[in-house]
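A.B. asks: For reference, the file entry.txt (compact mmCIF, C-alpha atoms) is included below:
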```
# COMPACT_ATOMS: atom_id res chain seq x y z
CA MET J 300 -9.43 15.39 -20.70
CA THR J 301 -9.14 12.12 -18.79
CA ALA J 302 -8.73 12.49 -15.04
CA GLU J 303 -5.88 10.66 -13.38
CA ARG J 304 -6.67 7.59 -11.33
CA ARG J 305 -5.28 8.12 -7.87
CA GLY J 306 -5.34 6.22 -4.59
CA ILE J 307 -4.10 6.77 -1.04
CA ALA J 308 -1.82 4.25 0.68
CA LEU J 309 -0.82 4.27 4.34
CA THR J 310 2.06 2.53 6.08
CA PRO J 311 1.75 0.16 9.07
CA MET J 312 3.45 2.82 11.20
CA GLU J 313 0.48 5.21 10.91
CA ILE J 314 -1.55 4.29 14.00
CA ARG J 315 -3.53 7.48 14.68
CA ARG J 316 -6.99 6.04 14.13
CA ASP J 317 -8.78 9.39 14.11
CA VAL J 318 -6.36 10.81 11.54
CA ILE J 319 -6.75 7.77 9.30
CA VAL J 320 -10.53 8.04 9.34
CA ARG J 321 -10.33 11.75 8.56
CA MET J 322 -7.94 11.04 5.68
CA ALA J 323 -10.38 8.49 4.27
CA THR J 324 -13.33 10.87 4.37
CA LEU J 325 -11.31 13.62 2.67
CA ALA J 326 -10.05 11.17 0.02
CA ASP J 327 -13.65 10.14 -0.61
CA GLU J 328 -14.68 13.77 -1.10
CA LEU J 329 -11.74 14.51 -3.42
CA GLY J 330 -12.46 11.69 -5.83
CA TYR J 331 -9.67 9.25 -5.04
CA GLU J 332 -10.43 5.78 -6.36
CA ILE J 333 -9.08 3.66 -3.52
CA PHE J 334 -7.95 4.04 0.11
CA SER J 335 -5.49 1.42 1.34
CA VAL J 336 -4.91 0.74 5.04
CA ALA J 337 -1.76 -1.21 5.86
CA GLU J 338 -1.36 -3.71 8.66
CA GLY J 339 1.78 -4.70 10.54
CA TRP J 340 2.09 -4.84 14.31
CA GLY J 341 -0.20 -1.97 15.28
CA LEU J 342 -3.79 -1.42 14.17
CA ASP J 343 -5.99 -4.21 12.82
CA SER J 344 -6.72 -2.87 9.34
CA THR J 345 -9.91 -4.88 8.86
CA VAL J 346 -11.58 -3.44 11.95
CA LEU J 347 -10.52 0.08 10.94
CA LEU J 348 -11.84 -0.43 7.39
CA ALA J 349 -15.23 -1.38 8.83
CA GLU J 350 -15.30 1.95 10.66
CA ILE J 351 -14.20 3.85 7.54
CA ALA J 352 -16.93 2.16 5.50
CA THR J 353 -19.58 3.82 7.67
CA VAL J 354 -18.30 7.36 6.95
CA THR J 355 -17.47 7.08 3.22
CA ARG J 356 -19.75 6.69 0.21
CA ARG J 357 -17.95 5.85 -3.01
CA ILE J 358 -14.22 5.23 -2.49
CA LYS J 359 -12.98 1.64 -2.62
CA LEU J 360 -11.46 0.40 0.63
CA MET J 361 -8.48 -1.91 0.60
CA ALA J 362 -6.74 -4.05 3.18
CA GLY J 363 -3.31 -3.26 1.83
CA VAL J 364 -2.10 -5.80 2.62
CA LEU J 365 -2.98 -8.71 4.88
CA SER J 366 -0.15 -11.10 5.65
CA VAL J 367 -0.83 -14.66 4.49
CA TRP J 368 0.80 -15.85 7.72
CA GLY J 369 -1.32 -13.98 10.26
CA ARG J 370 -4.76 -15.43 9.44
CA THR J 371 -6.05 -18.72 8.06
CA PRO J 372 -7.63 -18.79 4.59
CA GLY J 373 -11.00 -19.33 6.29
CA THR J 374 -10.58 -16.27 8.48
CA ILE J 375 -9.44 -14.14 5.54
CA ALA J 376 -12.42 -15.27 3.45
CA MET J 377 -14.89 -14.52 6.28
CA THR J 378 -13.34 -11.11 6.83
CA ALA J 379 -13.33 -10.24 3.14
CA ALA J 380 -16.93 -11.32 2.58
CA THR J 381 -18.07 -9.42 5.68
CA LEU J 382 -16.28 -6.23 4.63
CA HIS J 383 -17.74 -6.66 1.15
CA GLN J 384 -21.18 -6.44 2.75
CA ILE J 385 -20.32 -3.54 5.06
CA CYS J 386 -18.74 -1.58 2.17
CA ASP J 387 -21.61 -2.29 -0.25
CA GLY J 388 -19.17 -3.99 -2.62
CA ARG J 389 -16.34 -1.45 -2.28
CA PHE J 390 -13.85 -3.77 -0.56
CA VAL J 391 -10.57 -4.89 -2.15
CA LEU J 392 -8.59 -7.70 -0.50
CA GLY J 393 -4.85 -7.22 -0.55
CA LEU J 394 -2.57 -10.18 0.22
CA GLY J 395 1.18 -10.38 0.61
CA ALA J 396 3.93 -12.75 1.68
CA SER J 397 5.18 -10.18 4.23
CA THR J 398 8.76 -10.29 5.57
CA ARG J 399 10.77 -12.67 7.73
CA GLN J 400 11.10 -10.06 10.47
CA LEU J 401 7.35 -9.57 10.79
CA VAL J 402 6.33 -13.20 10.29
CA GLU J 403 8.81 -14.64 12.78
CA GLY J 404 9.14 -11.68 15.14
CA TRP J 405 5.43 -10.89 15.43
CA HIS J 406 3.36 -13.88 14.31
CA ALA J 407 5.88 -16.43 15.70
CA VAL J 408 5.62 -18.53 12.53
CA ARG J 409 8.59 -19.95 10.62
CA PHE J 410 9.09 -17.99 7.38
CA THR J 411 9.60 -20.72 4.78
CA ARG J 412 8.64 -20.83 1.09
CA PRO J 413 6.78 -17.47 1.17
CA ALA J 414 5.74 -17.61 -2.49
CA GLY J 415 4.27 -21.07 -1.96
CA ARG J 416 2.36 -19.83 1.06
CA LEU J 417 1.08 -16.83 -0.90
CA ARG J 418 -0.14 -19.08 -3.71
CA GLN J 419 -1.81 -21.59 -1.39
CA VAL J 420 -3.63 -18.99 0.70
CA THR J 421 -4.73 -16.97 -2.35
CA GLU J 422 -6.10 -20.07 -4.09
CA ASN J 423 -7.92 -21.22 -0.95
CA VAL J 424 -9.42 -17.79 -0.22
CA ARG J 425 -10.55 -17.44 -3.83
CA ALA J 426 -12.23 -20.87 -3.68
CA LEU J 427 -13.99 -20.09 -0.40
CA LEU J 428 -15.26 -16.75 -1.70
CA ALA J 429 -16.61 -18.59 -4.75
CA GLY J 430 -18.69 -20.88 -2.51
CA GLU J 431 -16.45 -23.93 -2.60
CA ARG J 432 -15.65 -26.02 0.45
CA ALA J 433 -12.52 -25.55 2.53
CA ARG J 434 -9.48 -27.68 1.77
CA PRO J 435 -8.39 -29.23 5.10
CA ALA J 436 -5.08 -30.61 3.84
CA VAL J 437 -3.53 -30.87 7.31
CA VAL J 438 -6.49 -32.88 8.64
CA PRO J 439 -7.77 -34.65 5.51
CA GLU J 440 -10.37 -36.66 7.43
CA ALA J 441 -12.09 -33.46 8.61
CA ARG J 442 -15.47 -32.52 7.14
CA PRO J 443 -14.83 -29.48 4.91
CA LEU J 444 -17.12 -26.48 5.36
CA ARG J 445 -18.33 -23.71 3.11
CA LEU J 446 -18.39 -19.98 3.83
CA GLY J 447 -21.58 -19.33 5.81
CA GLN J 448 -22.66 -16.27 3.82
CA PRO J 449 -23.42 -15.57 0.15
CA PRO J 450 -20.46 -16.21 -2.19
CA VAL J 451 -18.62 -13.21 -3.65
CA ALA J 452 -16.56 -14.80 -6.40
CA ASP J 453 -15.83 -11.45 -8.05
CA LEU J 454 -14.34 -9.80 -4.94
CA PRO J 455 -11.05 -8.23 -6.18
CA ILE J 456 -7.81 -9.67 -4.82
CA TRP J 457 -4.65 -7.60 -5.21
CA ILE J 458 -1.23 -9.07 -4.47
CA ALA J 459 1.85 -7.25 -3.23
CA ALA J 460 4.79 -8.81 -5.06
CA THR J 461 8.29 -7.86 -6.20
CA GLY J 462 10.22 -11.17 -6.32
CA GLU J 463 10.33 -13.56 -9.26
CA ARG J 464 8.18 -16.23 -7.57
CA THR J 465 5.62 -13.88 -6.05
CA ILE J 466 5.33 -11.99 -9.35
CA ARG J 467 4.30 -15.28 -10.94
CA VAL J 468 1.63 -15.76 -8.26
CA ALA J 469 0.29 -12.26 -8.93
CA ALA J 470 0.24 -12.87 -12.69
CA GLU J 471 -1.66 -16.13 -12.37
CA LEU J 472 -4.07 -15.35 -9.52
CA ALA J 473 -4.49 -11.63 -8.86
CA ASP J 474 -6.84 -8.92 -10.11
CA GLY J 475 -4.38 -6.22 -9.08
CA TRP J 476 -0.65 -5.80 -8.50
CA PHE J 477 0.45 -3.55 -5.61
CA PRO J 478 4.28 -3.28 -5.42
CA LEU J 479 6.40 -1.07 -3.18
CA TYR J 480 9.89 0.32 -3.73
CA LEU J 481 10.17 -0.34 -7.43
CA ARG J 482 11.75 2.22 -9.71
CA ARG J 483 9.41 3.35 -12.48
CA ASP J 484 11.43 1.58 -15.19
CA ARG J 485 11.45 -1.63 -13.16
CA CYS J 486 7.73 -1.31 -12.60
CA ARG J 487 7.19 -1.15 -16.35
CA GLU J 488 9.41 -4.19 -16.93
CA LEU J 489 7.61 -6.30 -14.34
CA ALA J 490 4.18 -5.20 -15.55
CA ALA J 491 5.15 -6.45 -19.01
CA GLU J 492 6.38 -9.70 -17.47
CA ILE J 493 3.09 -10.12 -15.62
CA ARG J 494 1.18 -9.68 -18.87
CA ARG J 495 3.40 -12.30 -20.53
CA LEU J 496 2.93 -14.78 -17.68
CA ARG J 497 -0.80 -14.09 -17.65
CA ALA J 498 -1.05 -14.93 -21.32
CA ALA J 499 0.95 -18.12 -20.79
CA VAL J 500 -1.63 -19.46 -18.31
CA GLY J 501 -4.57 -18.61 -20.54
CA ARG J 502 -5.62 -15.24 -19.11
CA PRO J 503 -4.46 -12.78 -21.83
CA GLY J 504 -7.78 -10.95 -22.01
CA GLU J 505 -8.02 -10.35 -18.26
CA PRO J 506 -6.22 -7.12 -17.36
CA ILE J 507 -4.48 -6.73 -14.03
CA THR J 508 -4.63 -3.36 -12.28
CA VAL J 509 -1.17 -1.93 -11.61
CA ALA J 510 -1.25 0.26 -8.49
CA ALA J 511 2.05 1.90 -7.52
CA GLY J 512 3.40 5.27 -6.50
CA PRO J 513 5.76 7.29 -4.30
CA PHE J 514 5.77 8.49 -0.72
CA THR J 515 4.35 11.99 -1.11
CA ILE J 516 4.72 15.18 0.95
CA VAL J 517 3.44 18.65 0.04
CA ASP J 518 5.13 21.50 1.89
CA PRO J 519 6.18 24.89 0.46
CA ASP J 520 9.28 24.61 2.67
CA ILE J 521 11.32 22.37 0.36
CA GLY J 522 13.84 21.58 3.07
CA ALA J 523 11.12 20.39 5.43
CA ALA J 524 9.50 18.36 2.66
CA ARG J 525 12.80 16.68 1.83
CA ALA J 526 13.47 15.94 5.49
CA ALA J 527 10.09 14.19 5.79
CA ALA J 528 10.74 12.16 2.64
CA ALA J 529 14.21 11.27 3.88
CA ALA J 530 12.96 10.16 7.30
CA CYS J 531 10.50 7.73 5.74
CA THR J 532 13.07 6.42 3.25
CA ALA J 533 15.72 5.93 5.90
CA PHE J 534 13.31 4.03 8.13
CA TYR J 535 12.44 1.53 5.41
CA LEU J 536 16.07 1.02 4.42
CA ALA J 537 17.67 0.97 7.88
CA ALA J 538 15.06 -0.30 10.33
CA MET J 539 12.64 -2.58 8.47
CA GLY J 540 14.83 -5.64 8.00
CA GLU J 541 16.65 -6.72 4.86
CA VAL J 542 13.83 -7.00 2.31
CA TYR J 543 13.71 -3.35 1.23
CA PRO J 544 17.49 -2.73 1.21
CA ARG J 545 17.94 -5.88 -0.87
CA LEU J 546 15.12 -4.95 -3.24
CA VAL J 547 16.37 -1.40 -3.81
CA SER J 548 20.00 -2.51 -4.13
CA ALA J 549 19.04 -5.04 -6.79
CA GLN J 550 17.77 -2.16 -8.92
CA GLY J 551 21.23 -0.63 -9.24
CA LEU J 552 21.13 1.51 -6.11
CA GLY J 553 23.24 -0.57 -3.73
CA GLU J 554 25.84 2.16 -3.14
CA GLN J 555 23.14 4.67 -2.20
CA VAL J 556 21.43 2.19 0.11
CA GLU J 557 24.69 1.61 1.96
CA LEU J 558 25.20 5.35 2.34
CA VAL J 559 21.78 5.62 4.01
CA ARG J 560 22.36 2.63 6.27
CA ALA J 561 25.76 3.97 7.31
CA VAL J 562 24.28 7.18 8.74
CA ASN J 563 21.08 5.68 10.15
CA PRO J 564 21.69 3.02 12.82
CA ALA J 565 18.85 0.49 12.86
CA ALA J 566 18.17 1.14 16.53
CA GLY J 567 18.22 4.93 16.13
CA ARG J 568 15.26 7.06 17.10
CA GLU J 569 16.29 10.31 15.43
CA PRO J 570 14.70 11.49 12.15
CA GLY J 571 16.29 9.58 9.28
CA ILE J 572 18.86 11.05 6.95
CA VAL J 573 19.40 10.59 3.21
CA PRO J 574 22.79 12.10 2.26
CA ASP J 575 22.99 14.29 -0.83
CA ALA J 576 25.01 11.56 -2.54
CA ALA J 577 21.97 9.26 -2.22
CA GLN J 578 19.47 11.82 -3.58
CA ILE J 579 18.44 9.43 -6.35
CA LEU J 580 16.60 7.37 -3.72
CA LEU J 581 14.29 10.32 -3.06
CA ASP J 582 13.97 11.08 -6.77
CA GLU J 583 12.90 7.50 -7.51
CA PHE J 584 10.68 6.65 -4.57
CA THR J 585 9.26 9.93 -3.25
CA ALA J 586 7.46 13.05 -4.48
CA TYR J 587 7.96 16.14 -2.33
CA GLY J 588 7.89 19.93 -2.46
CA ASP J 589 5.22 22.52 -3.15
CA ALA J 590 1.88 21.57 -4.69
CA ALA J 591 2.87 22.27 -8.30
CA GLY J 592 6.12 20.36 -7.96
CA VAL J 593 4.42 17.33 -6.45
CA GLN J 594 1.73 17.33 -9.13
CA GLU J 595 4.44 17.20 -11.80
CA GLN J 596 6.31 14.40 -10.02
CA LEU J 597 3.13 12.31 -9.70
CA ARG J 598 2.44 12.63 -13.43
CA ARG J 599 5.58 10.58 -14.03
CA TRP J 600 3.89 7.75 -12.17
CA ASP J 601 0.60 8.15 -14.07
CA SER J 602 2.31 6.76 -17.16
CA VAL J 603 3.54 3.73 -15.22
CA ALA J 604 0.55 2.69 -13.11
CA ASP J 605 -3.14 2.30 -13.79
CA ILE J 606 -3.71 3.86 -10.37
CA THR J 607 -1.01 6.11 -8.92
CA MET J 608 -0.91 5.37 -5.21
CA VAL J 609 -0.08 8.43 -3.11
CA ALA J 610 1.74 6.95 -0.12
CA VAL J 611 1.42 9.17 2.95
CA PRO J 612 4.34 8.92 5.41
CA PRO J 613 3.34 8.24 9.02
CA GLY J 614 3.13 10.91 11.67
CA MET J 615 2.63 13.99 9.45
CA ALA J 616 0.63 16.84 10.96
CA TRP J 617 -2.92 17.18 9.66
CA PRO J 618 -2.38 20.44 7.71
CA LYS J 619 0.40 18.80 5.69
CA ILE J 620 -1.71 15.68 5.15
CA GLU J 621 -4.59 17.79 3.87
CA ALA J 622 -2.31 19.80 1.60
CA THR J 623 -0.86 16.58 0.22
CA LEU J 624 -4.23 14.94 -0.44
CA ARG J 625 -5.63 18.05 -2.12
CA ALA J 626 -2.59 18.63 -4.32
CA ALA J 627 -2.39 14.97 -5.41
CA ALA J 628 -6.12 14.47 -5.98
CA PRO J 629 -7.32 13.28 -9.39
CA GLY J 630 -8.65 15.81 -11.87
CA LEU J 631 -8.80 19.57 -11.63
CA THR J 632 -11.62 19.74 -9.09
CA GLY J 633 -9.70 18.00 -6.34
CA ARG J 634 -6.67 20.24 -6.77
CA ALA J 635 -8.39 23.48 -5.84
CA PRO J 636 -7.98 24.98 -3.45
CA VAL J 637 -4.56 23.71 -2.39
CA VAL J 638 -4.01 24.30 1.29
CA ASP J 639 -0.77 25.98 2.33
CA PRO J 640 0.40 23.98 5.39
CA VAL J 641 2.00 27.03 6.98
CA GLU J 642 -1.21 29.05 6.78
CA ALA J 643 -3.24 26.03 7.87
CA ASP J 644 -1.00 25.59 10.92
CA ARG J 645 -1.73 29.19 11.90
CA ALA J 646 -5.46 28.68 11.41
CA VAL J 647 -5.47 25.53 13.53
CA ALA J 648 -3.61 27.35 16.31
CA LEU J 649 -6.50 29.86 16.49
CA LEU J 650 -9.23 27.25 16.92
CA PRO J 651 -10.82 27.32 20.38
CA ASP J 652 -10.30 23.58 20.93
CA GLY J 653 -6.69 23.62 19.78
CA GLY J 654 -7.31 22.06 16.39
CA VAL J 655 -7.21 18.46 15.20
CA ALA J 656 -5.07 15.49 16.11
CA GLY J 657 -1.60 15.49 14.59
```
Show me this structure written as structure tokens.

C.D. replies:
Amino acid sequence: MTAERRGIALTPMEIRRDVIVRMATLADELGYEIFSVAEGWGLDSTVLLAEIATVTRRIKLMAGVLSVWGRTPGTIAMTAATLHQICDGRFVLGLGASTRQLVEGWHAVRFTRPAGRLRQVTENVRALLAGERARPAVVPEARPLRLGQPPVADLPIWIAATGERTIRVAAELADGWFPLYLRRDRCRELAAEIRRLRAAVGRPGEPITVAAGPFTIVDPDIGAARAAAAACTAFYLAAMGEVYPRLVSAQGLGEQVELVRAVNPAAGREPGIVPDAAQILLDEFTAYGDAAGVQEQLRRWDSVADITMVAVPPGMAWPKIEATLRAAAPGLTGRAPVVDPVEADRAVALLPDGGVAG
């Protein structure tokens, strides 16, 4: 029997450093293949990954993903090569074109031609990691430098892409494809398109790793599990700008997206709501319920992705995080025992120090 390939993916909104490190160590123990730390406007993922590298042994560690607007190609290459050393070769560099809201509202950079920027930065970083000199196009008279440490030409670069132009960049330049908010059928279609584009540029024999999956919550209280899945979904569709609503709507779910946005004001601070009439959004993009139910839902993704990424919503209490990681772990060993969050909550309450963060 072949074990599933599973990874853990966090959102930029998860900023509890101690909880993230604990998640990484548990994922390492349970046999997950990759642990992805997102970056937005909170924690610096590269610094956190360096810390995680010191307490894990075998799991790959991914910056998932770095914005191509927030760092220069030189800085990205230095960071990637340094983390490659710290991780003993376990580092995966994730790059993405980000969103207008984050690029202009946080990095104070004009968001123009994002696919072109993604291509340029990826090509330059790849060249620097291979030992080539920098390409000072803005100051052509400058003396170009090389990376001041050993080249790592084979360092994996994964690209987050869902649009037509960024998909082409991923097909031509990436070792892995890391999309978010794609329906499973759409994921299959775009994976086939990536293979076609890859063949067209002379790379038919070089596979690209497809890493995708749902937001995942294990809780025997189905109502509580659905509420957590709904809160995460509503946040992405109502408070994270226009990219995700547009992306999901373009996949035939525009009516459901509008239902969610209508009941979740962008400035709201209450837990998000997904009306029953928009249930398909949870069916497509989340996996929630008891351990057995979540395991079955994740198997649907195993046939779509090379690595099923178990996305953990931000802010969950540790017992629910542990239950989720154990239930979703690859192979039979990682699935036993599955922790009941209710019983775990009771156990934590009895600890002399009050339990763990979360």

A.B. asks: Between atom CA of J:Asn563 and atom CA of J:Ile516, what is the spacing in Å?

C.D. replies: 21.0 Å

A.B. asks: What's around stretch 592-604 of chain J at 6 Å? Count all atoms listed in the file, leave out sequence neighbours fewer than 3 positions away in its own chain, and write the answer as number ranges by chain.

C.D. replies: J: 509-511, 586-589, 607

A.B. asks: Between atom CA of J:Leu360 and atom CA of J:Arg399, what distance in Å does the model show, to one decimal?

C.D. replies: 26.7 Å

A.B. asks: Can you tell me how far atom CA of J:Arg497 sits from atom CA of J:Asp474, in Å to one decimal?

C.D. replies: 11.0 Å

A.B. asks: Give me, as a list in words, all polymer residues having an atom no more than 8 Å from stretch 409-421 of chain J, counting only C-alpha atoms and skipping those fewer than 3 positions away in the same chain.

C.D. replies: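 Listed by chain and then number, they are Val367, Trp368, Thr371, Pro372, Leu394, Gly395, Ala396, Thr398, Arg399, Val402, Glu403, Val424, Arg425, Arg464, Thr465, Val468 and Leu472 of chain J.
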
A.B. asks: Report the closest atom pair, with its distance in Å rounded to one decimal, for each residue of stretch 491-574 of chain J that has an atom no farther than 9 Å from stretch 578-584 of chain J; count only C-alpha atoms, sort by chain and then rising residue number, and write it as a tab-separated table.

C.D. replies:
```
residue	atom	partner	partner_atom	distance
J:Gly512	CA	J:Phe584	CA	7.7
J:Pro513	CA	J:Phe584	CA	5.0
J:Phe514	CA	J:Phe584	CA	6.5
J:Thr515	CA	J:Phe584	CA	9.0
J:Arg525	CA	J:Leu581	CA	8.2
J:Ala528	CA	J:Leu581	CA	7.0
J:Ala529	CA	J:Leu581	CA	7.0
J:Thr532	CA	J:Leu581	CA	7.5
J:Val547	CA	J:Leu580	CA	8.8
J:Leu552	CA	J:Leu580	CA	7.8
J:Gln555	CA	J:Leu580	CA	7.2
J:Val556	CA	J:Leu580	CA	8.1
J:Val573	CA	J:Gln578	CA	6.9
J:Pro574	CA	J:Gln578	CA	6.7
```

A.B. asks: Write out as a ChimeraX atom specification each polymer residue whose atoms come within 12 Å of J:Val517, counting only C-alpha atoms; drop sequence neighbours fewer than 6 positions from it.

C.D. replies: /J:523-528,585-597,609-612,615-627,637-641

A.B. asks: My list of candidates is J:Asp605, J:Glu350, J:Glu431, J:Glu554. Which is closest to J:Gly475 when distances are computed with all atoms listed in the file?

C.D. replies: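 Once distances to J:Gly475 are computed over all atoms listed in the file, the minimum belongs to J:Asp605.
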
A.B. asks: Kindly indicate which residue among J:Thr508, J:Arg485, J:Ala576, J:Glu557 lies nearest to J:Pro544, using only C-alpha atoms for the distances.

C.D. replies: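 Once distances to J:Pro544 are computed over only C-alpha atoms, the minimum belongs to J:Glu557.
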
A.B. asks: List as a list in words the residues having at least one atom at most 10 Å from position (-17.2, -19.7, -0.5) as given in the file, counting only C-alpha atoms.

C.D. replies: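 Applying the cut-off with only C-alpha atoms, one gets Gly373, Ala376, Met377, Ala380, Asn423, Val424, Arg425, Ala426, Leu427, Leu428, Ala429, Gly430, Glu431, Arg432, Ala433, Leu444, Arg445, Leu446, Gly447, Gln448, Pro449, Pro450, Val451 and Ala452 of chain J.
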
A.B. asks: Output, as lines of an AutoDock Vina configuration file, the centre and edge lengths in Å (one decimal) of the axis-aligned box that contains all listed atoms of stretch 610-614 of chain J with 3 Å of margin on each side.

C.D. replies:
```
center_x = 2.9
center_y = 8.9
center_z = 5.8
size_x = 8.9
size_y = 10.0
size_z = 17.8
```

A.B. asks: Choose the residue, out of J:Ala407, J:Val354, J:Leu454, J:Ile319, that has the smallest atom-to-atom separation from J:Gly369; count only C-alpha atoms.

C.D. replies: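 Going through J:Ala407, J:Val354, J:Leu454, J:Ile319 one by one, the smallest distance to J:Gly369 is for J:Ala407.
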
A.B. asks: Residues proximal to (-18.2, 3.1, 5.0) were defined as those with any atom within 12 Å of that point in the file's coordinates, counting all atoms listed in the file. Which are they, as number ranges by chain?

C.D. replies: J: 320, 323-324, 327, 334, 346-361, 382-390

A.B. asks: For the residues in the current selection, export C-alpha atoms as a PDB file, in the frame of the given file.

C.D. replies:
```pdb
ATOM      1  CA  VAL J 320     -10.530   8.040   9.340  1.00  0.00           C
ATOM      2  CA  ALA J 323     -10.380   8.490   4.270  1.00  0.00           C
ATOM      3  CA  THR J 324     -13.330  10.870   4.370  1.00  0.00           C
ATOM      4  CA  ASP J 327     -13.650  10.140  -0.610  1.00  0.00           C
ATOM      5  CA  PHE J 334      -7.950   4.040   0.110  1.00  0.00           C
ATOM      6  CA  VAL J 346     -11.580  -3.440  11.950  1.00  0.00           C
ATOM      7  CA  LEU J 347     -10.520   0.080  10.940  1.00  0.00           C
ATOM      8  CA  LEU J 348     -11.840  -0.430   7.390  1.00  0.00           C
ATOM      9  CA  ALA J 349     -15.230  -1.380   8.830  1.00  0.00           C
ATOM     10  CA  GLU J 350     -15.300   1.950  10.660  1.00  0.00           C
ATOM     11  CA  ILE J 351     -14.200   3.850   7.540  1.00  0.00           C
ATOM     12  CA  ALA J 352     -16.930   2.160   5.500  1.00  0.00           C
ATOM     13  CA  THR J 353     -19.580   3.820   7.670  1.00  0.00           C
ATOM     14  CA  VAL J 354     -18.300   7.360   6.950  1.00  0.00           C
ATOM     15  CA  THR J 355     -17.470   7.080   3.220  1.00  0.00           C
ATOM     16  CA  ARG J 356     -19.750   6.690   0.210  1.00  0.00           C
ATOM     17  CA  ARG J 357     -17.950   5.850  -3.010  1.00  0.00           C
ATOM     18  CA  ILE J 358     -14.220   5.230  -2.490  1.00  0.00           C
ATOM     19  CA  LYS J 359     -12.980   1.640  -2.620  1.00  0.00           C
ATOM     20  CA  LEU J 360     -11.460   0.400   0.630  1.00  0.00           C
ATOM     21  CA  MET J 361      -8.480  -1.910   0.600  1.00  0.00           C
ATOM     22  CA  LEU J 382     -16.280  -6.230   4.630  1.00  0.00           C
ATOM     23  CA  HIS J 383     -17.740  -6.660   1.150  1.00  0.00           C
ATOM     24  CA  GLN J 384     -21.180  -6.440   2.750  1.00  0.00           C
ATOM     25  CA  ILE J 385     -20.320  -3.540   5.060  1.00  0.00           C
ATOM     26  CA  CYS J 386     -18.740  -1.580   2.170  1.00  0.00           C
ATOM     27  CA  ASP J 387     -21.610  -2.290  -0.250  1.00  0.00           C
ATOM     28  CA  GLY J 388     -19.170  -3.990  -2.620  1.00  0.00           C
ATOM     29  CA  ARG J 389     -16.340  -1.450  -2.280  1.00  0.00           C
ATOM     30  CA  PHE J 390     -13.850  -3.770  -0.560  1.00  0.00           C
TER      31      PHE J 390
END
```

A.B. asks: Some atoms are absent from stretch 601-611 of chain J, so rebuild N, CA, C and O atoms and return them as a PDB file, in the coordinates of the input.

C.D. replies:
```pdb
ATOM      1  N   ASP J 601       1.857   8.418 -13.357  1.00  0.00           N
ATOM      2  CA  ASP J 601       0.600   8.150 -14.070  1.00  0.00           C
ATOM      3  C   ASP J 601       0.834   7.357 -15.347  1.00  0.00           C
ATOM      4  O   ASP J 601      -0.044   6.628 -15.799  1.00  0.00           O
ATOM      5  N   SER J 602       2.016   7.504 -15.938  1.00  0.00           N
ATOM      6  CA  SER J 602       2.310   6.760 -17.160  1.00  0.00           C
ATOM      7  C   SER J 602       2.794   5.350 -16.881  1.00  0.00           C
ATOM      8  O   SER J 602       2.946   4.543 -17.803  1.00  0.00           O
ATOM      9  N   VAL J 603       3.038   5.045 -15.614  1.00  0.00           N
ATOM     10  CA  VAL J 603       3.540   3.730 -15.220  1.00  0.00           C
ATOM     11  C   VAL J 603       2.430   2.856 -14.659  1.00  0.00           C
ATOM     12  O   VAL J 603       2.338   1.661 -14.967  1.00  0.00           O
ATOM     13  N   ALA J 604       1.580   3.445 -13.832  1.00  0.00           N
ATOM     14  CA  ALA J 604       0.550   2.690 -13.110  1.00  0.00           C
ATOM     15  C   ALA J 604      -0.836   2.998 -13.643  1.00  0.00           C
ATOM     16  O   ALA J 604      -1.094   4.091 -14.152  1.00  0.00           O
ATOM     17  N   ASP J 605      -1.731   2.031 -13.510  1.00  0.00           N
ATOM     18  CA  ASP J 605      -3.140   2.300 -13.790  1.00  0.00           C
ATOM     19  C   ASP J 605      -3.713   3.232 -12.731  1.00  0.00           C
ATOM     20  O   ASP J 605      -4.491   4.140 -13.034  1.00  0.00           O
ATOM     21  N   ILE J 606      -3.325   2.983 -11.474  1.00  0.00           N
ATOM     22  CA  ILE J 606      -3.710   3.860 -10.370  1.00  0.00           C
ATOM     23  C   ILE J 606      -2.426   4.296  -9.667  1.00  0.00           C
ATOM     24  O   ILE J 606      -1.667   3.458  -9.169  1.00  0.00           O
ATOM     25  N   THR J 607      -2.171   5.596  -9.648  1.00  0.00           N
ATOM     26  CA  THR J 607      -1.010   6.110  -8.920  1.00  0.00           C
ATOM     27  C   THR J 607      -1.364   6.194  -7.445  1.00  0.00           C
ATOM     28  O   THR J 607      -2.267   6.950  -7.051  1.00  0.00           O
ATOM     29  N   MET J 608      -0.658   5.411  -6.644  1.00  0.00           N
ATOM     30  CA  MET J 608      -0.910   5.370  -5.210  1.00  0.00           C
ATOM     31  C   MET J 608      -0.071   6.441  -4.514  1.00  0.00           C
ATOM     32  O   MET J 608       1.164   6.427  -4.597  1.00  0.00           O
ATOM     33  N   VAL J 609      -0.739   7.357  -3.852  1.00  0.00           N
ATOM     34  CA  VAL J 609      -0.080   8.430  -3.110  1.00  0.00           C
ATOM     35  C   VAL J 609       0.162   7.906  -1.707  1.00  0.00           C
ATOM     36  O   VAL J 609      -0.762   7.810  -0.895  1.00  0.00           O
ATOM     37  N   ALA J 610       1.403   7.523  -1.432  1.00  0.00           N
ATOM     38  CA  ALA J 610       1.740   6.950  -0.120  1.00  0.00           C
ATOM     39  C   ALA J 610       2.024   8.087   0.854  1.00  0.00           C
ATOM     40  O   ALA J 610       2.881   8.935   0.599  1.00  0.00           O
ATOM     41  N   VAL J 611       1.292   8.102   1.961  1.00  0.00           N
ATOM     42  CA  VAL J 611       1.420   9.170   2.950  1.00  0.00           C
ATOM     43  C   VAL J 611       2.294   8.698   4.098  1.00  0.00           C
ATOM     44  O   VAL J 611       1.952   7.738   4.789  1.00  0.00           O
TER      45      VAL J 611
END
```
